file model.csv (CSV, C-alpha atoms)
chain,number,residue,atom,x,y,z
A,1,MET,CA,-95.1,-134.5,-27.0
A,2,ASP,CA,-92.0,-135.4,-28.9
A,3,ILE,CA,-89.9,-133.3,-31.3
A,4,GLY,CA,-86.6,-133.8,-33.0
A,5,ASN,CA,-84.5,-131.6,-35.3
A,6,GLU,CA,-82.7,-131.9,-38.6
A,7,ASN,CA,-80.4,-134.9,-38.3
A,8,GLY,CA,-78.8,-133.8,-35.1
A,9,ASP,CA,-78.5,-130.1,-36.1
A,10,THR,CA,-76.4,-128.3,-33.3
A,11,SER,CA,-78.8,-125.4,-33.3
A,12,PHE,CA,-80.3,-126.9,-30.2
A,13,THR,CA,-78.5,-125.7,-27.0
A,14,ASN,CA,-75.9,-128.3,-25.8
A,15,ASN,CA,-76.4,-130.2,-29.0
A,16,LEU,CA,-79.9,-131.2,-28.1
A,17,VAL,CA,-81.2,-133.5,-30.9
A,18,GLY,CA,-84.5,-134.7,-29.5
A,19,VAL,CA,-87.0,-134.2,-26.7
A,20,ALA,CA,-89.8,-136.5,-25.3
A,21,GLY,CA,-92.1,-134.8,-22.8
A,22,VAL,CA,-95.0,-136.0,-20.6
A,23,GLY,CA,-97.5,-133.8,-18.8
A,24,SER,CA,-97.4,-130.0,-18.8
A,25,ALA,CA,-95.9,-127.8,-16.1
A,26,VAL,CA,-97.8,-124.9,-17.8
A,27,PHE,CA,-99.7,-124.7,-21.0
A,28,PHE,CA,-101.2,-122.0,-23.2
A,29,GLN,CA,-104.2,-122.6,-25.4
A,30,GLN,CA,-106.9,-120.2,-26.7
A,31,LEU,CA,-109.5,-120.3,-29.5
A,32,ARG,CA,-108.6,-116.7,-30.5
A,33,PRO,CA,-105.6,-116.0,-32.7
A,34,PHE,CA,-102.0,-116.1,-31.3
A,35,SER,CA,-101.1,-112.6,-30.2
A,36,TYR,CA,-98.1,-110.6,-28.9
A,37,HIS,CA,-99.7,-110.8,-25.5
A,38,ASP,CA,-99.7,-114.6,-25.7
A,39,TRP,CA,-96.1,-114.6,-26.8
A,40,ARG,CA,-95.2,-112.4,-23.8
A,41,SER,CA,-97.2,-114.7,-21.5
A,42,ILE,CA,-95.1,-117.7,-22.6
A,43,LYS,CA,-91.8,-115.9,-22.3
A,44,ARG,CA,-92.6,-115.1,-18.6
A,45,PHE,CA,-91.9,-118.8,-17.9
A,46,LEU,CA,-88.6,-119.0,-19.9
A,47,SER,CA,-85.1,-117.8,-19.0
A,48,SER,CA,-81.8,-117.7,-20.7
A,49,GLU,CA,-80.3,-119.1,-17.4
A,50,CYS,CA,-82.3,-122.3,-18.0
A,51,PRO,CA,-82.0,-122.8,-21.8
A,52,LEU,CA,-83.5,-126.3,-21.8
A,53,ILE,CA,-86.8,-125.1,-20.3
A,54,ARG,CA,-88.8,-124.6,-23.5
A,55,ALA,CA,-92.4,-124.2,-24.5
A,56,TYR,CA,-93.3,-126.6,-27.3
A,57,GLY,CA,-96.3,-126.3,-29.5
A,58,ALA,CA,-98.0,-125.3,-32.8
A,59,ILE,CA,-100.2,-122.5,-34.3
A,60,HIS,CA,-103.2,-122.9,-36.5
A,61,PHE,CA,-102.7,-122.4,-40.2
A,62,ASP,CA,-105.4,-119.8,-40.5
A,63,ALA,CA,-106.2,-117.9,-37.3
A,64,THR,CA,-109.4,-116.5,-38.8
A,65,ALA,CA,-110.9,-120.0,-39.7
A,66,ASN,CA,-113.6,-121.8,-37.7
A,67,ILE,CA,-111.9,-124.6,-35.8
A,68,SER,CA,-113.3,-128.0,-36.6
A,69,PRO,CA,-114.0,-130.6,-33.9
A,70,GLU,CA,-110.8,-132.7,-34.6
A,71,TRP,CA,-108.7,-129.6,-33.9
A,72,LYS,CA,-110.6,-128.2,-30.9
A,73,ALA,CA,-108.1,-129.6,-28.3
A,74,PHE,CA,-105.3,-127.5,-29.9
A,75,GLY,CA,-107.4,-124.3,-30.2
A,76,SER,CA,-105.9,-121.6,-32.3
A,77,PHE,CA,-102.6,-122.3,-30.7
A,78,TYR,CA,-101.3,-124.8,-28.2
A,79,PHE,CA,-97.9,-124.5,-26.3
A,80,MET,CA,-96.7,-126.4,-23.2
A,81,VAL,CA,-93.7,-126.7,-21.0
A,82,PRO,CA,-93.3,-130.5,-20.2
A,83,GLN,CA,-93.5,-131.6,-16.6
A,84,VAL,CA,-91.2,-134.5,-17.2
A,85,GLU,CA,-88.9,-134.7,-20.2
A,86,PHE,CA,-86.2,-136.9,-21.6
A,87,ASP,CA,-83.6,-134.8,-23.5
A,88,GLU,CA,-81.4,-136.6,-26.0
A,89,LEU,CA,-78.0,-134.9,-26.4
A,90,GLU,CA,-75.2,-135.8,-28.7
A,91,GLY,CA,-73.3,-138.5,-26.8
A,92,SER,CA,-75.5,-138.3,-23.6
A,93,SER,CA,-79.0,-137.9,-22.3
A,94,MET,CA,-80.8,-136.3,-19.4
A,95,LEU,CA,-84.1,-136.7,-17.5
A,96,ALA,CA,-85.6,-133.4,-16.3
A,97,ILE,CA,-88.6,-132.3,-14.2
A,98,THR,CA,-90.1,-128.8,-14.5
A,99,ILE,CA,-92.4,-127.3,-11.9
A,100,ALA,CA,-94.3,-124.0,-12.5
A,101,TRP,CA,-96.7,-122.2,-10.2
A,102,ASP,CA,-98.3,-118.8,-10.0
A,103,ASN,CA,-100.4,-117.8,-7.0
A,104,ALA,CA,-101.8,-114.9,-9.0
A,105,LEU,CA,-103.3,-117.4,-11.4
A,106,SER,CA,-104.7,-119.6,-8.7
A,107,TRP,CA,-102.1,-122.3,-9.4
A,108,THR,CA,-100.2,-122.9,-6.2
A,109,TRP,CA,-97.0,-124.8,-5.4
A,110,ASP,CA,-99.0,-127.6,-3.7
A,111,GLU,CA,-101.2,-128.0,-6.8
A,112,ALA,CA,-98.2,-128.0,-9.1
A,113,ILE,CA,-96.6,-130.8,-7.0
A,114,HIS,CA,-99.8,-132.8,-6.9
A,115,SER,CA,-100.1,-132.5,-10.7
A,116,LEU,CA,-96.5,-133.7,-11.1
A,117,GLU,CA,-97.1,-136.7,-8.8
A,118,THR,CA,-100.0,-137.7,-11.0
A,119,THR,CA,-97.9,-137.5,-14.1
A,120,MET,CA,-95.1,-139.5,-12.6
A,121,GLN,CA,-97.5,-142.3,-11.9
A,122,GLN,CA,-98.2,-142.5,-15.6
A,123,ILE,CA,-94.6,-142.7,-16.7
A,124,ALA,CA,-94.3,-146.5,-16.3
A,125,SER,CA,-97.1,-147.2,-18.8
A,126,VAL,CA,-95.6,-144.6,-21.2
A,127,VAL,CA,-92.2,-146.3,-21.1
A,128,VAL,CA,-93.8,-149.6,-21.9
A,129,LYS,CA,-95.6,-148.0,-24.8
A,130,LEU,CA,-92.4,-146.6,-26.2
A,131,LYS,CA,-90.9,-150.1,-26.4
A,132,LYS,CA,-93.5,-151.2,-28.9
A,133,GLU,CA,-92.3,-151.6,-32.5
A,134,ALA,CA,-94.0,-149.7,-35.2
A,135,SER,CA,-96.3,-151.9,-37.3
A,136,GLY,CA,-98.4,-151.5,-40.4
A,137,GLU,CA,-102.1,-150.9,-39.9
A,138,SER,CA,-104.8,-152.6,-41.8
A,139,ILE,CA,-106.8,-150.0,-43.7
A,140,LEU,CA,-110.6,-150.5,-43.9
A,141,ARG,CA,-111.5,-147.3,-45.7
A,142,LYS,CA,-109.8,-144.3,-47.3
A,143,THR,CA,-111.6,-141.1,-48.4
A,144,HIS,CA,-110.3,-137.8,-49.7
A,145,VAL,CA,-111.8,-134.3,-49.1
A,146,PRO,CA,-112.3,-133.0,-51.7
A,147,ASN,CA,-112.7,-136.0,-54.0
A,148,LYS,CA,-111.1,-136.1,-57.5
A,149,THR,CA,-113.9,-134.2,-59.2
A,150,HIS,CA,-114.1,-131.4,-56.7
A,151,TRP,CA,-110.3,-131.2,-56.6
A,152,ASP,CA,-110.1,-130.7,-60.3
A,153,LEU,CA,-112.8,-127.9,-60.1
A,154,ALA,CA,-110.8,-126.2,-57.3
A,155,VAL,CA,-107.6,-126.2,-59.4
A,156,LYS,CA,-109.5,-124.9,-62.4
A,157,LYS,CA,-111.0,-122.1,-60.3
A,158,ALA,CA,-107.6,-121.2,-58.9
A,159,LEU,CA,-106.1,-121.0,-62.4
A,160,GLN,CA,-109.0,-118.8,-63.6
A,161,GLU,CA,-108.5,-116.5,-60.7
A,162,ILE,CA,-104.8,-116.2,-61.2
A,163,ASN,CA,-105.2,-115.5,-65.0
A,164,THR,CA,-107.9,-112.8,-64.4
A,165,SER,CA,-106.4,-109.4,-65.1
A,166,SER,CA,-108.2,-107.8,-62.2
A,167,SER,CA,-107.1,-110.4,-59.7
A,168,GLU,CA,-104.1,-109.8,-57.4
A,169,LEU,CA,-103.7,-113.5,-56.8
A,170,VAL,CA,-100.3,-114.7,-58.2
A,171,LYS,CA,-100.0,-118.1,-56.5
A,172,VAL,CA,-102.2,-120.3,-54.3
A,173,VAL,CA,-101.4,-123.7,-52.8
A,174,LEU,CA,-104.4,-126.0,-52.2
A,175,ALA,CA,-104.4,-129.0,-50.0
A,176,ARG,CA,-106.7,-132.0,-49.4
A,177,SER,CA,-107.6,-134.1,-46.4
A,178,SER,CA,-107.3,-137.9,-46.5
A,179,ARG,CA,-109.4,-139.7,-43.9
A,180,ILE,CA,-108.3,-143.2,-43.2
A,181,LEU,CA,-110.2,-145.8,-41.1
A,182,THR,CA,-108.0,-148.6,-39.7
A,183,ALA,CA,-108.9,-152.0,-38.1
A,184,THR,CA,-107.0,-151.0,-34.9
A,185,ASN,CA,-106.1,-147.8,-33.2
A,186,ILE,CA,-103.1,-146.0,-34.6
A,187,ASP,CA,-100.4,-145.5,-32.0
A,188,PRO,CA,-98.8,-142.0,-32.6
A,189,ILE,CA,-95.7,-143.0,-30.7
A,190,ALA,CA,-95.2,-146.0,-33.0
A,191,TRP,CA,-95.6,-143.7,-36.0
A,192,LEU,CA,-93.1,-141.3,-34.6
A,193,ALA,CA,-90.6,-144.2,-34.1
A,194,SER,CA,-90.9,-145.1,-37.8
A,195,LEU,CA,-90.0,-141.6,-38.8
A,196,GLN,CA,-86.5,-142.1,-37.4
A,197,VAL,CA,-85.8,-144.1,-40.6
A,198,GLU,CA,-88.0,-142.1,-43.0
A,199,GLY,CA,-87.1,-138.7,-41.6
A,200,GLU,CA,-83.4,-138.1,-42.2
A,201,ASP,CA,-82.6,-134.4,-42.6
A,202,ALA,CA,-86.0,-133.4,-41.3
A,203,TYR,CA,-87.9,-132.5,-38.1
A,204,GLN,CA,-90.0,-135.3,-36.7
A,205,PHE,CA,-92.7,-134.2,-34.2
A,206,CYS,CA,-95.7,-135.5,-32.3
A,207,LEU,CA,-97.8,-133.1,-30.3
A,208,GLN,CA,-100.9,-134.3,-28.3
A,209,PRO,CA,-102.9,-132.2,-25.9
A,210,PRO,CA,-104.7,-133.9,-23.0
A,211,ASN,CA,-107.7,-135.8,-24.2
A,212,GLY,CA,-107.0,-134.7,-27.8
A,213,PRO,CA,-105.7,-136.3,-31.0
A,214,ALA,CA,-102.0,-136.4,-31.9
A,215,PHE,CA,-100.5,-134.1,-34.6
A,216,VAL,CA,-97.6,-136.1,-36.2
A,217,GLY,CA,-95.4,-134.9,-38.9
A,218,ASN,CA,-92.0,-135.2,-40.7
A,219,THR,CA,-91.1,-131.8,-42.2
A,220,PRO,CA,-87.9,-130.7,-43.9
A,221,GLU,CA,-88.9,-127.1,-43.9
A,222,ARG,CA,-87.5,-124.7,-41.3
A,223,LEU,CA,-89.5,-121.6,-40.8
A,224,PHE,CA,-86.8,-119.9,-38.7
A,225,HIS,CA,-84.2,-120.4,-36.0
A,226,ARG,CA,-83.2,-117.7,-33.6
A,227,LYS,CA,-80.4,-117.6,-31.1
A,228,TRP,CA,-80.2,-114.3,-29.2
A,229,LEU,CA,-80.5,-111.7,-32.1
A,230,SER,CA,-79.1,-114.0,-34.8
A,231,ILE,CA,-81.8,-115.5,-37.0
A,232,SER,CA,-81.9,-117.8,-40.0
A,233,SER,CA,-84.6,-119.1,-42.3
A,234,GLU,CA,-84.8,-121.3,-45.4
A,235,ALA,CA,-86.5,-121.1,-48.8
A,236,LEU,CA,-87.6,-124.5,-50.0
A,237,ALA,CA,-89.7,-124.8,-53.1
A,238,ALA,CA,-90.2,-126.8,-56.4
A,239,THR,CA,-90.1,-130.6,-56.2
A,240,ARG,CA,-88.8,-133.5,-58.1
A,241,ALA,CA,-88.6,-137.2,-57.3
A,242,ARG,CA,-85.2,-138.8,-56.6
A,243,GLY,CA,-83.7,-140.9,-59.4
A,244,GLU,CA,-83.4,-144.7,-59.1
A,245,SER,CA,-79.7,-144.4,-60.1
A,246,ARG,CA,-77.0,-141.8,-59.5
A,247,ALA,CA,-77.0,-140.8,-63.2
A,248,LEU,CA,-80.8,-140.4,-63.3
A,249,ASP,CA,-80.8,-138.5,-60.0
A,250,LEU,CA,-78.2,-136.1,-61.4
A,251,GLN,CA,-80.3,-135.6,-64.5
A,252,ILE,CA,-83.4,-134.8,-62.5
A,253,GLU,CA,-81.3,-132.4,-60.4
A,254,HIS,CA,-80.1,-130.6,-63.6
A,255,ASP,CA,-83.7,-130.4,-64.9
A,256,LEU,CA,-84.8,-128.9,-61.6
A,257,LEU,CA,-82.0,-126.3,-61.6
A,258,SER,CA,-82.6,-125.3,-65.2
A,259,SER,CA,-86.5,-125.2,-65.2
A,260,PRO,CA,-87.8,-121.7,-65.7
A,261,LYS,CA,-91.1,-122.6,-64.0
A,262,ASP,CA,-89.4,-124.0,-60.9
A,263,HIS,CA,-86.9,-121.1,-60.8
A,264,LEU,CA,-89.8,-118.6,-60.8
A,265,GLU,CA,-91.6,-120.6,-58.0
A,266,PHE,CA,-88.5,-120.8,-55.9
A,267,THR,CA,-87.5,-117.1,-56.5
A,268,VAL,CA,-90.9,-116.0,-55.3
A,269,VAL,CA,-90.5,-117.9,-52.1
A,270,ARG,CA,-86.9,-116.8,-51.5
A,271,GLU,CA,-87.6,-113.1,-52.1
A,272,ASN,CA,-90.7,-113.1,-49.9
A,273,ILE,CA,-88.7,-114.5,-47.0
A,274,GLN,CA,-85.9,-112.1,-47.7
A,275,ASN,CA,-88.3,-109.1,-47.6
A,276,LYS,CA,-89.8,-110.3,-44.3
A,277,LEU,CA,-86.3,-110.6,-42.7
A,278,GLU,CA,-85.2,-107.3,-44.0
A,279,SER,CA,-88.1,-105.6,-42.3
A,280,VAL,CA,-86.7,-106.6,-38.9
A,281,CYS,CA,-83.0,-107.2,-39.5
A,282,ASP,CA,-80.1,-104.7,-40.2
A,283,ARG,CA,-78.6,-107.0,-42.8
A,284,VAL,CA,-79.7,-110.2,-44.5
A,285,VAL,CA,-77.3,-112.7,-46.2
A,286,VAL,CA,-78.5,-115.2,-48.7
A,287,GLU,CA,-76.1,-118.1,-49.1
A,288,PRO,CA,-76.4,-120.3,-51.0
A,289,LYS,CA,-78.8,-118.4,-53.2
A,290,LYS,CA,-79.9,-121.5,-55.1
A,291,THR,CA,-79.0,-125.1,-54.8
A,292,VAL,CA,-80.7,-128.5,-54.5
A,293,ARG,CA,-81.6,-130.1,-51.2
A,294,LYS,CA,-82.0,-133.9,-51.5
A,295,LEU,CA,-84.3,-135.8,-49.2
A,296,ARG,CA,-84.9,-139.5,-49.0
A,297,ARG,CA,-87.6,-139.6,-51.7
A,298,ILE,CA,-87.7,-136.1,-53.2
A,299,GLN,CA,-85.5,-133.1,-53.9
A,300,HIS,CA,-86.1,-129.3,-53.8
A,301,LEU,CA,-84.6,-126.0,-54.7
A,302,TYR,CA,-83.1,-124.5,-51.6
A,303,ALA,CA,-81.6,-121.3,-50.2
A,304,GLN,CA,-80.5,-120.3,-46.7
A,305,LEU,CA,-81.1,-116.7,-45.4
A,306,SER,CA,-79.6,-115.2,-42.2
A,307,GLY,CA,-79.5,-111.9,-40.4
A,308,ASN,CA,-79.5,-110.1,-37.0
A,309,LEU,CA,-82.7,-108.9,-35.4
A,310,ARG,CA,-82.7,-105.3,-34.2
A,311,ARG,CA,-84.4,-106.4,-30.9
A,312,GLU,CA,-85.5,-109.6,-29.3
A,313,ASP,CA,-89.2,-108.6,-29.4
A,314,ASP,CA,-89.0,-108.8,-33.2
A,315,GLU,CA,-89.2,-112.6,-32.8
A,316,PHE,CA,-93.0,-112.4,-32.6
A,317,GLU,CA,-93.1,-110.1,-35.6
A,318,ILE,CA,-91.0,-112.5,-37.7
A,319,LEU,CA,-93.1,-115.5,-36.7
A,320,SER,CA,-96.2,-113.6,-37.6
A,321,SER,CA,-94.9,-112.3,-40.9
A,322,LEU,CA,-93.1,-115.5,-42.2
A,323,HIS,CA,-96.2,-117.6,-41.6
A,324,PRO,CA,-97.8,-118.8,-43.8
A,325,THR,CA,-95.1,-119.1,-46.4
A,326,PRO,CA,-95.8,-118.9,-50.1
A,327,ALA,CA,-94.9,-122.6,-50.3
A,328,VAL,CA,-97.9,-123.6,-48.3
A,329,CYS,CA,-100.3,-120.7,-48.9
A,330,GLY,CA,-99.5,-118.5,-51.9
A,331,LEU,CA,-99.0,-114.8,-52.9
A,332,PRO,CA,-100.1,-112.3,-51.9
A,333,LYS,CA,-100.6,-113.9,-48.6
A,334,GLU,CA,-104.0,-112.5,-47.6
A,335,ALA,CA,-105.5,-113.0,-51.1
A,336,ALA,CA,-104.2,-116.6,-51.1
A,337,ARG,CA,-105.5,-117.2,-47.6
A,338,LEU,CA,-109.0,-115.9,-48.5
A,339,PHE,CA,-109.1,-118.1,-51.6
A,340,ILE,CA,-108.1,-121.2,-49.6
A,341,SER,CA,-110.7,-120.5,-46.9
A,342,GLU,CA,-113.4,-120.1,-49.6
A,343,THR,CA,-112.4,-123.1,-51.6
A,344,GLU,CA,-111.1,-125.9,-49.4
A,345,MET,CA,-113.8,-128.0,-47.8
A,346,PHE,CA,-112.0,-128.8,-44.5
A,347,ASP,CA,-110.1,-127.1,-41.7
A,348,ARG,CA,-106.3,-127.4,-42.1
A,349,GLY,CA,-105.9,-127.0,-38.3
A,350,MET,CA,-102.2,-127.1,-37.3
A,351,TYR,CA,-101.3,-128.6,-40.7
A,352,ALA,CA,-99.0,-126.2,-42.6
A,353,GLY,CA,-98.8,-124.0,-39.5
A,354,PRO,CA,-95.7,-123.2,-37.4
A,355,VAL,CA,-94.6,-126.1,-35.1
A,356,GLY,CA,-91.6,-125.8,-32.8
A,357,TRP,CA,-90.5,-124.2,-29.5
A,358,PHE,CA,-89.7,-121.0,-27.7
A,359,GLY,CA,-86.8,-120.8,-25.3
A,360,GLY,CA,-85.1,-118.1,-23.1
A,361,GLY,CA,-82.6,-117.0,-25.6
A,362,GLU,CA,-83.4,-119.3,-28.5
A,363,SER,CA,-86.4,-120.5,-30.5
A,364,GLU,CA,-86.9,-122.7,-33.6
A,365,PHE,CA,-90.0,-123.4,-35.8
A,366,ALA,CA,-90.7,-125.5,-38.8
A,367,VAL,CA,-93.6,-125.7,-41.1
A,368,GLY,CA,-96.0,-128.5,-40.0
A,369,ILE,CA,-96.3,-130.5,-43.2
A,370,ARG,CA,-95.5,-134.0,-44.5
A,371,ILE,CA,-97.6,-136.4,-42.5
A,372,PRO,CA,-95.9,-139.8,-42.6
A,373,GLU,CA,-96.9,-142.3,-45.2
A,374,HIS,CA,-96.8,-146.1,-44.8
call {"tool": "encode", "arguments": {"input": "model.csv", "output": "structure tokens"}}
result
Amino acid sequence: MDIGNENGDTSFTNNLVGVAGVGSAVFFQQLRPFSYHDWRSIKRFLSSECPLIRAYGAIHFDATANISPEWKAFGSFYFMVPQVEFDELEGSSMLAITIAWDNALSWTWDEAIHSLETTMQQIASVVVKLKKEASGESILRKTHVPNKTHWDLAVKKALQEINTSSSELVKVVLARSSRILTATNIDPIAWLASLQVEGEDAYQFCLQPPNGPAFVGNTPERLFHRKWLSISSEALAATRARGESRALDLQIEHDLLSSPKDHLEFTVVRENIQNKLESVCDRVVVEPKKTVRKLRRIQHLYAQLSGNLRREDDEFEILSSLHPTPAVCGLPKEAARLFISETEMFDRGMYAGPVGWFGGGESEFAVGIRIPEH
């Protein structure tokens, strides 16, 4: 497991900018949808007195979907508290060990210590692995699901549904799966290392359950950040490429800001997030209301929203209501989700779902998108 936040954002306690974890002191995984009970179970192991003990993980994009074989190890959700973790702070670092046991769950202190000893024996090989430099992989075959023909049909079907007077569907965001066969095994840690260059102003993450595949991503989109009762979220929508020169980049920015189509797309996302926050917050502030956020290769329309939760338990409610966002699903949410499940020919798994962490008095989640490209 490895996760880093937006370019050293100080939202992490003690200016925590990145975490690498091995093993799990305790983990939570089920095939059924993530529930309030599951959230409470995770919170049992977290305390505001130990803010760096956190449960890291991800939630399936569609809790009602059948889970495909490649996502089985994650289940409908997967969270873990690392046994051994390296915390990178601004100006310093720390190595920490977490031990969790619960006799009521038939997981005793002795068993927890034995599990920790096993993990510690693996640390040396992991450290050697981290020293490897990221290298390009030779691609033998690349296929897309759906292919170009079926993709065009899916887009046509979506437009017809949106334009039908009796349909409630306003927007739907379709995805495709690219399956790539390489000559050698892909090292997820090496991929993660390469994101340190590509991933400025974004969250880089790598989450890998035992005996499972790795979920690696580089997402600029924060779902929400909570510290005590204070909560913030972001609206990120509409996309343009960066210009090759400063003048061209500014022209593209102007076109993005003045485009009626992009303004509508962005406004739908911003107002949806604002409505969700207002349902659990006393007051919501939107500032800036609309600006451009520039990333390494692309730029988006952007707004920041903040408020104060009425109670801490509203964290589960806001996580459930904000996901999936209109930017990765559509509107209305349920109509778009149904259209996606009936149209897409693959399981999104954790892709486009929430990825992040829960802590004692703080939590932070991003939208699990933007798999790295080479």
call {"tool": "closest_residue", "arguments": {"input": "model.csv", "among": "A:Gly368, A:Pro324, A:Pro220, A:Gly91", "to": "His300 of chain A", "atoms": "all atoms listed in the file"}}
result
A:Pro220
call {"tool": "closest_residue", "arguments": {"input": "model.csv", "among": "A:Glu312, A:Asp262, A:Glu85, A:Glu362", "to": "Ser24 of chain A", "atoms": "all atoms listed in the file"}}
result
A:Glu85
call {"tool": "residues_around", "arguments": {"input": "model.csv", "residues": "segment 326-335 of chain A", "least_positions_apart": "2", "cutoff": "10 Å", "atoms": "only C-alpha atoms", "output": "PyMOL selection string"}}
result
chain A and resi 61-62+167-175+221+235-238+265-266+268-270+272-273+321-324+337-340+351-353+367-369
call {"tool": "atom_distance", "arguments": {"input": "model.csv", "atom1": "atom CA of Gly359 of chain A", "atom2": "atom CA of Leu223 of chain A"}}
result
15.8 Å
call {"tool": "residues_around", "arguments": {"input": "model.csv", "residues": "segment 275-282 of chain A", "least_positions_apart": "4", "cutoff": "7 Å", "atoms": "only C-alpha atoms", "output": "PDB file with C-alpha atoms, in the coordinates of the input"}}
result
ATOM      1  CA  GLU A 271     -87.600-113.100 -52.100  1.00  0.00           C
ATOM      2  CA  GLY A 307     -79.500-111.900 -40.400  1.00  0.00           C
ATOM      3  CA  ASN A 308     -79.500-110.100 -37.000  1.00  0.00           C
ATOM      4  CA  LEU A 309     -82.700-108.900 -35.400  1.00  0.00           C
ATOM      5  CA  ARG A 310     -82.700-105.300 -34.200  1.00  0.00           C
ATOM      6  CA  ASP A 314     -89.000-108.800 -33.200  1.00  0.00           C
ATOM      7  CA  SER A 321     -94.900-112.300 -40.900  1.00  0.00           C
ATOM      8  CA  LEU A 322     -93.100-115.500 -42.200  1.00  0.00           C
TER       9      LEU A 322
END
call {"tool": "residues_around", "arguments": {"input": "model.csv", "residues": "Gly212 of chain A", "least_positions_apart": "5", "cutoff": "9 Å", "atoms": "only C-alpha atoms", "output": "ChimeraX atom specification"}}
result
/A:70-74
call {"tool": "residues_around", "arguments": {"input": "model.csv", "residues": "Glu111 of chain A", "least_positions_apart": "4", "cutoff": "12 Å", "atoms": "only C-alpha atoms", "output": "PDB file with C-alpha atoms, in the frame of the given file"}}
result
ATOM      1  CA  ALA A  25     -95.900-127.800 -16.100  1.00  0.00           C
ATOM      2  CA  VAL A  26     -97.800-124.900 -17.800  1.00  0.00           C
ATOM      3  CA  ILE A  99     -92.400-127.300 -11.900  1.00  0.00           C
ATOM      4  CA  ALA A 100     -94.300-124.000 -12.500  1.00  0.00           C
ATOM      5  CA  TRP A 101     -96.700-122.200 -10.200  1.00  0.00           C
ATOM      6  CA  ASP A 102     -98.300-118.800 -10.000  1.00  0.00           C
ATOM      7  CA  ASN A 103    -100.400-117.800  -7.000  1.00  0.00           C
ATOM      8  CA  LEU A 105    -103.300-117.400 -11.400  1.00  0.00           C
ATOM      9  CA  SER A 106    -104.700-119.600  -8.700  1.00  0.00           C
ATOM     10  CA  TRP A 107    -102.100-122.300  -9.400  1.00  0.00           C
ATOM     11  CA  SER A 115    -100.100-132.500 -10.700  1.00  0.00           C
ATOM     12  CA  LEU A 116     -96.500-133.700 -11.100  1.00  0.00           C
ATOM     13  CA  GLU A 117     -97.100-136.700  -8.800  1.00  0.00           C
ATOM     14  CA  THR A 118    -100.000-137.700 -11.000  1.00  0.00           C
TER      15      THR A 118
END
call {"tool": "closest_residue", "arguments": {"input": "model.csv", "among": "A:Ala247, A:Ala214, A:Leu264, A:Ile53", "to": "Ile186 of chain A", "atoms": "only C-alpha atoms"}}
result
A:Ala214
